[in-house]
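Q: Sharing protein_28.pdb here; it has PDB, C-alpha atoms, pLDDT in the B column.
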```pdb
ATOM      1  CA  MET G  15       0.000   0.000   0.000  1.00 73.00           C
ATOM      2  CA  ASN G  16       1.358   3.411  -0.820  1.00 83.00           C
ATOM      3  CA  TRP G  17       1.332   6.312   1.574  1.00 89.00           C
ATOM      4  CA  ASP G  18      -0.831   8.511  -0.683  1.00 90.00           C
ATOM      5  CA  ARG G  19      -3.652   6.035  -0.194  1.00 91.00           C
ATOM      6  CA  ILE G  20      -3.170   6.043   3.588  1.00 91.00           C
ATOM      7  CA  GLU G  21      -3.127   9.836   3.647  1.00 91.00           C
ATOM      8  CA  GLY G  22      -6.264  10.019   1.495  1.00 91.00           C
ATOM      9  CA  ASN G  23      -8.140   7.586   3.732  1.00 92.00           C
ATOM     10  CA  TRP G  24      -6.676   8.739   7.037  1.00 93.00           C
ATOM     11  CA  LYS G  25      -9.974   8.554   8.930  1.00 91.00           C
ATOM     12  CA  GLN G  26     -10.200   4.853   8.104  1.00 91.00           C
ATOM     13  CA  PHE G  27      -6.599   4.203   9.155  1.00 93.00           C
ATOM     14  CA  LYS G  28      -6.702   6.169  12.414  1.00 94.00           C
ATOM     15  CA  GLY G  29      -8.045   3.152  14.300  1.00 93.00           C
ATOM     16  CA  ASN G  30      -5.195   0.965  13.065  1.00 94.00           C
ATOM     17  CA  VAL G  31      -2.670   3.637  13.996  1.00 96.00           C
ATOM     18  CA  LYS G  32      -4.229   3.941  17.459  1.00 95.00           C
ATOM     19  CA  GLN G  33      -3.924   0.157  17.929  1.00 95.00           C
ATOM     20  CA  GLN G  34      -0.260   0.220  16.947  1.00 96.00           C
ATOM     21  CA  TRP G  35       0.719   3.377  18.841  1.00 97.00           C
ATOM     22  CA  GLY G  36      -1.737   3.665  21.723  1.00 97.00           C
ATOM     23  CA  LYS G  37       0.048   6.607  23.333  1.00 97.00           C
ATOM     24  CA  LEU G  38      -1.041   8.853  20.457  1.00 97.00           C
ATOM     25  CA  THR G  39      -4.174  10.798  21.325  1.00 96.00           C
ATOM     26  CA  ASP G  40      -7.135  11.410  19.046  1.00 95.00           C
ATOM     27  CA  ASP G  41      -6.155  15.074  18.916  1.00 96.00           C
ATOM     28  CA  GLN G  42      -2.636  14.147  17.805  1.00 96.00           C
ATOM     29  CA  LEU G  43      -4.053  11.833  15.147  1.00 96.00           C
ATOM     30  CA  ASP G  44      -6.256  14.663  13.877  1.00 95.00           C
ATOM     31  CA  VAL G  45      -3.221  16.973  13.637  1.00 95.00           C
ATOM     32  CA  ILE G  46      -1.180  14.278  11.869  1.00 96.00           C
ATOM     33  CA  ALA G  47      -3.923  14.013   9.217  1.00 95.00           C
ATOM     34  CA  GLY G  48      -2.060  11.277   7.356  1.00 94.00           C
ATOM     35  CA  ARG G  49       1.232  13.126   6.995  1.00 96.00           C
ATOM     36  CA  ARG G  50       3.961  10.538   7.362  1.00 96.00           C
ATOM     37  CA  ASP G  51       6.620  12.933   8.660  1.00 96.00           C
ATOM     38  CA  GLU G  52       4.194  14.256  11.284  1.00 97.00           C
ATOM     39  CA  LEU G  53       3.346  10.701  12.352  1.00 97.00           C
ATOM     40  CA  ALA G  54       7.030   9.833  12.688  1.00 98.00           C
ATOM     41  CA  GLY G  55       7.643  12.925  14.802  1.00 97.00           C
ATOM     42  CA  ARG G  56       4.724  12.207  17.117  1.00 97.00           C
ATOM     43  CA  ILE G  57       5.775   8.570  17.561  1.00 98.00           C
ATOM     44  CA  GLN G  58       9.344   9.665  18.263  1.00 98.00           C
ATOM     45  CA  GLU G  59       8.161  12.221  20.818  1.00 97.00           C
ATOM     46  CA  SER G  60       5.585   9.989  22.537  1.00 97.00           C
ATOM     47  CA  TYR G  61       7.764   6.905  22.800  1.00 98.00           C
ATOM     48  CA  GLY G  62      11.192   8.507  23.242  1.00 98.00           C
ATOM     49  CA  ILE G  63      12.715   6.667  20.302  1.00 98.00           C
ATOM     50  CA  SER G  64      14.998   7.747  17.467  1.00 97.00           C
ATOM     51  CA  LYS G  65      13.724   9.023  14.148  1.00 95.00           C
ATOM     52  CA  ASP G  66      15.164   5.929  12.450  1.00 97.00           C
ATOM     53  CA  GLU G  67      13.287   3.626  14.829  1.00 98.00           C
ATOM     54  CA  ALA G  68      10.037   5.546  14.301  1.00 98.00           C
ATOM     55  CA  GLU G  69      10.473   5.283  10.529  1.00 97.00           C
ATOM     56  CA  LYS G  70      11.189   1.555  10.846  1.00 98.00           C
ATOM     57  CA  GLN G  71       7.983   1.044  12.821  1.00 97.00           C
ATOM     58  CA  ILE G  72       5.982   3.011  10.241  1.00 97.00           C
ATOM     59  CA  VAL G  73       7.408   0.944   7.372  1.00 95.00           C
ATOM     60  CA  GLU G  74       6.494  -2.274   9.211  1.00 95.00           C
ATOM     61  CA  TRP G  75       3.006  -0.980  10.004  1.00 95.00           C
ATOM     62  CA  GLU G  76       2.483   0.159   6.415  1.00 93.00           C
ATOM     63  CA  ALA G  77       3.492  -3.283   5.106  1.00 92.00           C
ATOM     64  CA  ARG G  78       0.799  -4.902   7.280  1.00 91.00           C
ATOM     65  CA  GLN G  79      -1.983  -2.712   5.872  1.00 88.00           C
ATOM     66  CA  LYS G  80      -4.146  -4.374   3.254  1.00 77.00           C
ATOM     67  CA  ASP G  81      -4.911  -2.732  -0.081  1.00 59.00           C
TER      68      ASP G  81
END
```
Spit out the file's structure as structure tokens when you get a sec.
A:
Amino acid sequence: MNWDRIEGNWKQFKGNVKQQWGKLTDDQLDVIAGRRDELAGRIQESYGISKDEAEKQIVEWEARQKD
């Protein structure tokens, strides 16, 4: 699945994101609005991990999403 599709259907993916990264609030998810760089930053900030680790988690999550 490509990120443009995730961004375009963000409301549908918010639940999956919330399951994966439960520390992210609904308000944060609304601000992220499907922007990958914003998601990475919020994950990094909320979980205290490196940018590379956040990106790795996003890539793994993205791969698990069905078309």
Q: Can you give me, as a ChimeraX atom specification, the residues this file yields under the PyMOL selection byres ((chain G and resi 41-51) around 10)?
A: /G:17-25,27-29,31-32,37-40,52-57,65,68-69,72
Q: What is the distance between atom CA of Gly62 of chain G and atom CA of Met15 of chain G, in Å to one decimal?
A: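 Computing it gives 27.2 Å between the two atoms.
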Q: What separation in Å, quoted to one decimal, exists between atom CA of Trp75 of chain G and atom CA of Gln34 of chain G?
A: 7.8 Å
Q: At what distance in Å, to one decimal, does atom CA of Gln79 of chain G lie from atom CA of Gln26 of chain G?
A: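 Between atom CA of Gln26 of chain G and atom CA of Gln79 of chain G the gap works out to 11.4 Å.
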Q: Using the file's own x, y and z axes, so that the box edges lie along x, y and z, what centre and edge lengths in Å (one decimal) does a box around every listed atom of segment 50-54 of chain G get when 4 Å is added on each side? Give it as lines of an AutoDock Vina configuration file.
A:
```
center_x = 5.2
center_y = 12.0
center_z = 10.0
size_x = 11.7
size_y = 12.4
size_z = 13.3
```
